[in-house]
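*Asks:* File protein-v3.txt follows (compact mmCIF, C-alpha atoms):
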# COMPACT_ATOMS: atom_id res chain seq x y z
CA MET R 3 35.14 15.46 3.23
CA SER R 4 36.50 11.95 2.77
CA HIS R 5 35.66 9.60 -0.10
CA ASN R 6 33.71 7.41 2.33
CA ASP R 7 31.58 10.34 3.56
CA CYS R 8 30.84 11.49 0.00
CA ILE R 9 29.44 8.09 -1.00
CA LEU R 10 27.35 7.78 2.17
CA LYS R 11 26.00 11.30 1.74
CA LEU R 12 25.11 10.58 -1.90
CA LEU R 13 23.17 7.48 -0.81
CA ASN R 14 21.64 9.35 2.16
CA ILE R 15 23.10 6.84 4.64
CA LYS R 16 23.74 8.40 8.05
CA ASP R 17 25.12 5.44 9.98
CA PRO R 18 28.54 6.52 11.39
CA ASN R 19 29.57 2.89 11.98
CA LEU R 20 29.37 1.98 8.29
CA LYS R 21 32.58 2.35 6.28
CA VAL R 22 32.77 2.07 2.49
CA ILE R 23 35.68 -0.06 1.28
CA ASP R 24 35.26 -0.08 -2.50
CA VAL R 25 32.85 0.95 -5.25
CA ILE R 26 32.63 -1.12 -8.44
CA ASP R 27 30.82 -0.03 -11.60
CA ASN R 28 29.55 -2.98 -13.57
CA LEU R 29 26.93 -4.07 -16.09
CA TYR R 30 24.09 -6.29 -14.93
CA ASN R 31 22.82 -8.76 -17.53
CA GLY R 32 24.44 -6.61 -20.19
CA THR R 33 21.60 -4.04 -20.21
CA GLU R 34 21.11 -2.69 -16.70
CA LYS R 35 23.88 -0.68 -15.05
CA LEU R 36 24.85 -1.86 -11.58
CA VAL R 37 26.94 -0.06 -8.98
CA LEU R 38 28.26 -2.44 -6.33
CA ILE R 39 29.36 -0.95 -3.00
CA LYS R 40 31.49 -2.93 -0.57
CA ALA R 41 31.22 -1.80 3.04
CA VAL R 42 31.94 -2.88 6.62
CA LEU R 43 29.71 -2.42 9.66
CA SER R 44 31.54 -2.58 12.99
CA TYR R 45 31.51 -0.81 16.35
CA PRO R 46 32.82 -1.51 19.87
CA ILE R 47 30.56 -3.32 22.37
CA ASN R 48 31.31 -3.15 26.09
CA ARG R 49 28.77 -5.60 27.49
CA CYS R 50 26.92 -8.68 26.30
CA ARG R 51 23.33 -8.14 25.20
CA ASN R 52 22.29 -11.40 26.87
CA CYS R 53 24.06 -11.61 30.24
CA GLY R 54 25.40 -8.06 30.62
CA PHE R 55 29.00 -9.07 31.39
CA ALA R 56 31.94 -7.22 29.89
CA THR R 57 33.28 -10.36 28.23
CA VAL R 58 32.58 -9.70 24.55
CA ASN R 59 35.09 -10.36 21.81
CA LYS R 60 34.93 -9.87 18.07
CA ASN R 61 34.18 -13.09 16.22
CA GLY R 62 34.66 -12.54 12.49
CA PHE R 63 32.21 -11.13 9.96
CA ALA R 64 28.94 -12.16 8.36
CA LYS R 65 28.28 -11.10 4.77
CA ALA R 66 24.91 -9.50 3.89
CA HIS R 67 23.48 -8.37 0.55
CA VAL R 68 21.57 -5.06 0.74
CA ARG R 69 19.46 -3.51 -2.04
CA LEU R 70 19.72 0.29 -2.07
CA PRO R 71 17.36 2.81 -3.74
CA SER R 72 18.05 3.53 -7.40
CA LEU R 73 19.52 6.88 -8.44
CA ASN R 74 18.98 8.27 -11.95
CA GLY R 75 17.81 4.85 -13.10
CA ILE R 76 21.00 3.12 -11.90
CA ARG R 77 20.79 0.06 -9.70
CA TYR R 78 22.76 0.22 -6.43
CA GLU R 79 23.61 -2.78 -4.26
CA MET R 80 25.80 -3.16 -1.18
CA ILE R 81 27.87 -6.11 -0.03
CA LEU R 82 27.95 -5.46 3.70
CA ARG R 83 30.30 -7.29 6.06
CA LYS R 84 28.73 -7.15 9.51
CA GLN R 85 30.88 -7.61 12.58
CA ARG R 86 30.06 -10.69 14.70
CA TYR R 87 30.54 -10.76 18.47
CA GLN R 88 30.79 -13.58 21.02
CA CYS R 89 30.42 -13.49 24.79
CA LYS R 90 32.92 -15.62 26.74
CA ASN R 91 30.59 -15.85 29.72
CA CYS R 92 27.32 -17.14 28.17
CA ARG R 93 28.75 -18.16 24.76
CA THR R 94 26.11 -16.04 22.99
CA THR R 95 26.89 -14.77 19.50
CA PHE R 96 25.28 -11.75 17.85
CA GLY R 97 25.98 -9.34 15.04
CA ALA R 98 26.21 -5.62 14.47
CA THR R 99 22.95 -3.93 13.56
CA SER R 100 22.17 -0.84 11.51
CA GLU R 101 19.19 1.36 10.62
CA LEU R 102 20.00 0.66 6.98
CA THR R 103 17.80 -2.47 6.94
CA LYS R 104 15.60 -4.48 9.24
CA PRO R 105 17.12 -7.71 10.62
CA ASN R 106 17.21 -10.58 8.10
CA GLN R 107 15.94 -8.38 5.25
CA ILE R 108 17.61 -7.47 1.95
CA LEU R 109 15.69 -4.34 0.94
CA SER R 110 16.93 -1.18 2.64
CA ARG R 111 14.54 1.19 4.39
CA LYS R 112 15.30 3.89 1.80
CA LEU R 113 14.35 1.53 -1.04
CA LYS R 114 11.08 0.69 0.71
CA ASN R 115 10.36 4.41 1.08
CA GLN R 116 10.98 4.83 -2.64
CA ILE R 117 8.54 1.98 -3.41
CA MET R 118 5.83 3.54 -1.22
CA LEU R 119 6.26 6.97 -2.84
CA LEU R 120 5.75 5.48 -6.29
CA ALA R 121 2.79 3.41 -5.05
CA ARG R 122 1.08 6.55 -3.74
CA GLU R 123 1.40 8.05 -7.23
CA GLY R 124 -0.79 5.22 -8.54
CA LEU R 125 1.89 3.21 -10.38
CA ASN R 126 1.30 -0.52 -10.67
CA GLY R 127 3.55 -3.10 -9.03
CA GLU R 128 5.37 -4.21 -12.17
CA LEU R 129 6.29 -0.65 -13.16
CA ILE R 130 7.50 0.12 -9.63
CA ALA R 131 9.60 -3.05 -9.73
CA ARG R 132 11.28 -1.94 -12.97
CA ILE R 133 11.99 1.55 -11.62
CA CYS R 134 13.35 0.34 -8.28
CA HIS R 135 15.19 -2.66 -9.79
CA CYS R 136 13.49 -5.28 -7.62
CA SER R 137 10.87 -7.98 -8.09
CA ALA R 138 7.12 -7.38 -8.21
CA SER R 139 6.68 -9.71 -5.23
CA SER R 140 9.07 -7.51 -3.20
CA VAL R 141 6.93 -4.51 -4.09
CA ARG R 142 3.78 -6.29 -2.92
CA ARG R 143 5.40 -7.40 0.34
CA THR R 144 6.63 -3.87 1.03
CA ILE R 145 3.19 -2.35 0.46
CA VAL R 146 1.53 -4.95 2.69
CA GLU R 147 4.18 -4.35 5.36
CA ARG R 148 3.87 -0.55 5.33
CA ILE R 149 0.14 -0.09 4.80
CA LYS R 150 -2.07 0.25 7.86
CA PRO R 151 -5.20 -1.91 8.07
CA GLN R 152 -8.30 0.07 7.26
CA TYR R 153 -10.62 0.88 10.13
CA ARG R 154 -13.77 -1.22 10.25
CA VAL R 155 -16.72 0.01 12.33
CA PRO R 156 -17.73 -2.50 15.04
CA VAL R 157 -21.35 -1.28 15.09
CA LEU R 158 -23.47 -0.84 11.98
CA PRO R 159 -24.08 2.91 11.42
CA LYS R 160 -27.61 4.26 11.13
CA ASN R 161 -26.89 5.93 7.78
CA LEU R 162 -25.10 4.00 5.05
CA CYS R 163 -23.72 4.72 1.59
CA PHE R 164 -23.56 2.05 -1.13
CA ASP R 165 -21.38 2.34 -4.22
CA GLU R 166 -19.07 0.36 -6.50
CA PHE R 167 -15.59 0.95 -7.89
CA ARG R 168 -13.12 -0.59 -10.33
CA SER R 169 -10.63 -2.82 -8.52
CA ILE R 170 -8.20 -5.56 -9.63
CA LYS R 171 -8.33 -6.69 -13.27
CA ASN R 172 -11.25 -4.34 -14.09
CA THR R 173 -13.50 -6.11 -11.59
CA THR R 174 -16.30 -4.00 -10.13
CA SER R 175 -16.23 -4.24 -6.32
CA PHE R 176 -18.71 -3.12 -3.68
CA ILE R 177 -18.02 -0.57 -0.96
CA CYS R 178 -20.12 0.58 1.98
CA CYS R 179 -19.30 3.45 4.34
CA ASP R 180 -20.85 5.55 7.08
CA ALA R 181 -22.76 8.43 5.47
CA GLN R 182 -21.88 10.82 8.31
CA THR R 183 -18.28 9.99 9.25
CA HIS R 184 -17.26 8.44 5.88
CA LYS R 185 -15.54 5.56 7.71
CA LEU R 186 -15.36 2.27 5.89
CA VAL R 187 -17.93 -0.36 6.85
CA VAL R 188 -17.03 -3.08 4.33
CA LYS R 189 -15.33 -3.59 0.98
CA LEU R 190 -16.40 -6.70 -0.93
CA PRO R 191 -14.64 -8.26 -3.95
CA ASP R 192 -17.74 -8.00 -6.17
CA ARG R 193 -21.14 -6.30 -6.25
CA LEU R 194 -23.30 -9.39 -6.67
CA SER R 195 -26.53 -9.26 -4.70
CA SER R 196 -25.84 -12.66 -3.12
CA THR R 197 -22.42 -11.54 -1.86
CA ILE R 198 -23.80 -8.35 -0.29
CA ILE R 199 -26.81 -10.08 1.26
CA ASN R 200 -24.70 -12.89 2.73
CA TYR R 201 -22.27 -10.43 4.29
CA PHE R 202 -24.83 -8.24 6.06
CA GLU R 203 -27.05 -11.13 7.16
CA ASN R 204 -24.11 -13.12 8.56
CA ARG R 205 -22.18 -10.17 10.01
CA TYR R 206 -25.01 -8.20 11.66
CA SER R 207 -28.09 -9.35 13.53
CA LYS R 208 -31.62 -8.46 12.46
CA PHE R 209 -31.88 -6.05 15.39
CA GLU R 210 -28.77 -4.14 14.22
CA ARG R 211 -30.03 -4.01 10.64
CA ASP R 212 -33.43 -2.73 11.80
CA GLN R 213 -31.69 0.29 13.35
CA VAL R 214 -30.47 1.56 9.96
CA GLU R 215 -32.42 4.70 9.07
CA SER R 216 -31.22 5.48 5.53
CA VAL R 217 -29.18 4.03 2.67
CA VAL R 218 -27.73 6.37 0.04
CA ILE R 219 -27.35 4.75 -3.39
CA ASP R 220 -26.95 5.70 -7.03
CA LEU R 221 -29.53 4.92 -9.73
CA ASN R 222 -28.59 1.23 -9.71
CA ALA R 223 -31.86 -0.68 -9.38
CA GLN R 224 -30.00 -3.75 -8.12
CA TYR R 225 -29.52 -2.21 -4.66
CA GLN R 226 -33.18 -1.30 -4.32
CA ARG R 227 -34.19 -4.96 -4.67
CA PHE R 228 -32.46 -6.17 -1.51
CA ILE R 229 -32.26 -3.04 0.67
CA ARG R 230 -35.83 -3.64 1.86
CA ARG R 231 -34.85 -7.16 2.83
CA LEU R 232 -31.70 -6.18 4.70
CA PHE R 233 -32.84 -2.87 6.20
CA PRO R 234 -36.66 -2.88 6.38
CA ASN R 235 -36.88 0.44 8.27
CA ALA R 236 -34.40 2.37 6.13
CA LYS R 237 -35.26 5.10 3.65
CA ILE R 238 -33.67 4.82 0.22
CA VAL R 239 -31.96 8.08 -0.76
CA ILE R 240 -30.70 8.72 -4.29
CA ASP R 241 -27.38 10.54 -4.36
CA ARG R 242 -27.94 14.04 -5.74
CA PHE R 243 -24.76 13.82 -7.80
CA HIS R 244 -26.33 11.10 -9.95
CA ILE R 245 -29.58 13.05 -10.24
CA VAL R 246 -27.71 16.13 -11.47
CA GLN R 247 -25.70 13.94 -13.82
CA LEU R 248 -28.88 12.36 -15.21
CA ALA R 249 -30.49 15.80 -15.63
CA GLY R 250 -27.40 17.03 -17.46
CA ARG R 251 -27.53 14.10 -19.86
CA ALA R 252 -31.23 14.76 -20.48
CA LEU R 253 -30.52 18.43 -21.24
CA ASP R 254 -27.72 17.44 -23.61
CA SER R 255 -30.07 15.05 -25.43
CA CYS R 256 -32.74 17.76 -25.74
CA ARG R 257 -30.16 20.26 -26.98
CA ILE R 258 -28.91 17.82 -29.63
CA ALA R 259 -32.46 16.99 -30.74
CA LEU R 260 -33.38 20.69 -30.95
CA THR R 261 -30.24 21.48 -32.95
CA ARG R 262 -30.97 18.71 -35.42
CA SER R 263 -34.56 19.89 -35.80
CA LEU R 264 -33.51 23.50 -36.46
CA ASN R 265 -30.90 22.36 -39.00
CA LYS R 266 -33.53 20.27 -40.78
CA HIS R 267 -36.00 23.16 -41.00
CA SER R 268 -33.29 25.55 -42.20
CA ARG R 269 -32.37 23.19 -45.06
CA GLU R 270 -36.02 22.92 -46.09
Could you take the file, read its structure, and then write that structure out as structure tokens?
*Replies:*
Amino acid sequence: MSHNDCILKLLNIKDPNLKVIDVIDNLYNGTEKLVLIKAVLSYPINRCRNCGFATVNKNGFAKAHVRLPSLNGIRYEMILRKQRYQCKNCRTTFGATSELTKPNQILSRKLKNQIMLLAREGLNGELIARICHCSASSVRRTIVERIKPQYRVPVLPKNLCFDEFRSIKNTTSFICCDAQTHKLVVKLPDRLSSTIINYFENRYSKFERDQVESVVIDLNAQYQRFIRRLFPNAKIVIDRFHIVQLAGRALDSCRIALTRSLNKHSRE
């Protein structure tokens, strides 16, 4: 196996048209180790992509900077010289392409995969950026690019579930889903009554809201105040998990009180 193939196999790059010219070990900012790979991307083209005539000549190179996934905490970058082509017939110019990156992008596909794997583990953007040796904004753009938009139901379900969760900067947000299919209905940035009321009254008509048969909530009395206004025909159902949790806390309190009473009598 050649030196070129060993480097490409180490980096998990399978493009046969990419040839490694040189590898330079260096120090980045004096603290972070950087491995710089110089490579060339070139392949023969028989016909023009624009007009289809066999009048294509090579027309120099265009330099591109590619960020590769980190290995063992080491930062890898590639200076890639891409072959340029020109058609004599239509005078169109175009460059060689590779599966290594998307057109006009610096981050490689492998690096984006590495970012998404770390994001699925629950790591925050700044920590992912330090591990992958990129900026936090690049991490956010990659996640937004790769994530699929959540499904929103077009028709208001007959059975709803209300709850809240901790979101950005310890803010408590509101979430509503279908009680039967568990599909997301809406996710609001806060759980204020005014925000929830405005959403449902502006998004759904009174006829649609009258069709709701039940709303499952926790022991939060805030929801009970406006559910009757939004869904006048719906039954309010308390989630059994919270009932069991409340009963468990009551039993713990009784057990503690009984233990203290027995200890007091035993000392007397």
*Asks:* Could you tell me how far CA of Lys11 in chain R sits from CA of Glu79 in chain R, in Å to one decimal place?
*Replies:*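 Those two atoms sit 15.5 Å apart.
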*Asks:* R:Ala98, R:Ala121, R:Cys92, R:Ile108: which is nearest Met80 in chain R, counting only C-alpha atoms?
*Replies:*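 Between R:Ala98, R:Ala121, R:Cys92, R:Ile108, the residue approaching Met80 in chain R most closely is R:Ile108.
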*Asks:* Would you mind listing what lies within 12 Å of Asn48 in chain R as a VMD selection string, with all atoms listed in the file counted and same-chain residues fewer than 3 positions away left out?
*Replies:* chain R and resid 45 51 53 to 60 87 to 89
*Asks:* Need the shell around Asp165 in chain R: protein/DNA/RNA residues with any atom at most 12 Å away, counting all atoms listed in the file. Skip same-chain ones fewer than 3 positions apart. Format as number ranges by chain?
*Replies:* R: 162, 168, 174-181, 186-190, 192-193, 198, 217-222, 224-225, 240-241, 244
*Asks:* Could you work out how far CA of Arg111 in chain R lies from CA of Ser169 in chain R, giving the answer in Å with one decimal?
*Replies:*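 Separation of CA of Ser169 in chain R and CA of Arg111 in chain R: 28.6 Å.
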*Asks:* Between R:Arg205, R:Ile258, R:Phe243, R:Leu38, single out the one closest to Ser72 in chain R, counting only C-alpha atoms.
*Replies:*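 Ranked by minimum distance to Ser72 in chain R, first place goes to R:Leu38.
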*Asks:* Show which residues sit within 10 Å of range 136-143 of chain R, as a count of residues only. Count all atoms listed in the file, and ignore same-chain residues fewer than 2 positions away.
*Replies:* 24
*Asks:* Just to confirm, what's the straight-line distance from CA of Gln116 in chain R to CA of Ala66 in chain R in Å (one decimal)?
*Replies:*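 A separation of 21.0 Å between them.
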*Asks:* When distances are computed from all atoms listed in the file, which of R:Val37, R:Glu215, R:Ser195, R:Lys208 shows the smallest separation from Ile81 in chain R?
*Replies:* R:Val37
*Asks:* For a quick check of understanding, using only C-alpha atoms, which of R:Val157, R:Leu253, R:Ile15, R:Ala259 has the smallest distance to Leu70 in chain R?
*Replies:*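 Residue with the minimum atom-to-atom distance to Leu70 in chain R: R:Ile15.
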*Asks:* Could you check which of R:Thr103, R:Gln247, R:Ser110, R:Asn200 is closest to Phe228 in chain R, using only C-alpha atoms?
*Replies:* R:Asn200
*Asks:* Find the spatial neighbours of Asn14 in chain R, counting only C-alpha atoms, within a cut-off of 10 Å - ignore same-chain residues fewer than 4 positions away - and output them as a PyMOL selection string.
*Replies:* chain R and resi 8-10+71+112
*Asks:* Taking C-alpha atoms for each residue, export the selection above as an mmCIF file, in the coordinates of the input.
*Replies:*
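Result went into selection07.cif, see below:
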data_model
loop_
_atom_site.group_PDB
_atom_site.id
_atom_site.type_symbol
_atom_site.label_atom_id
_atom_site.label_comp_id
_atom_site.auth_asym_id
_atom_site.auth_seq_id
_atom_site.Cartn_x
_atom_site.Cartn_y
_atom_site.Cartn_z
ATOM 1 C CA CYS R 8 30.840 11.490 0.000
ATOM 2 C CA ILE R 9 29.440 8.090 -1.000
ATOM 3 C CA LEU R 10 27.350 7.780 2.170
ATOM 4 C CA PRO R 71 17.360 2.810 -3.740
ATOM 5 C CA LYS R 112 15.300 3.890 1.800
#
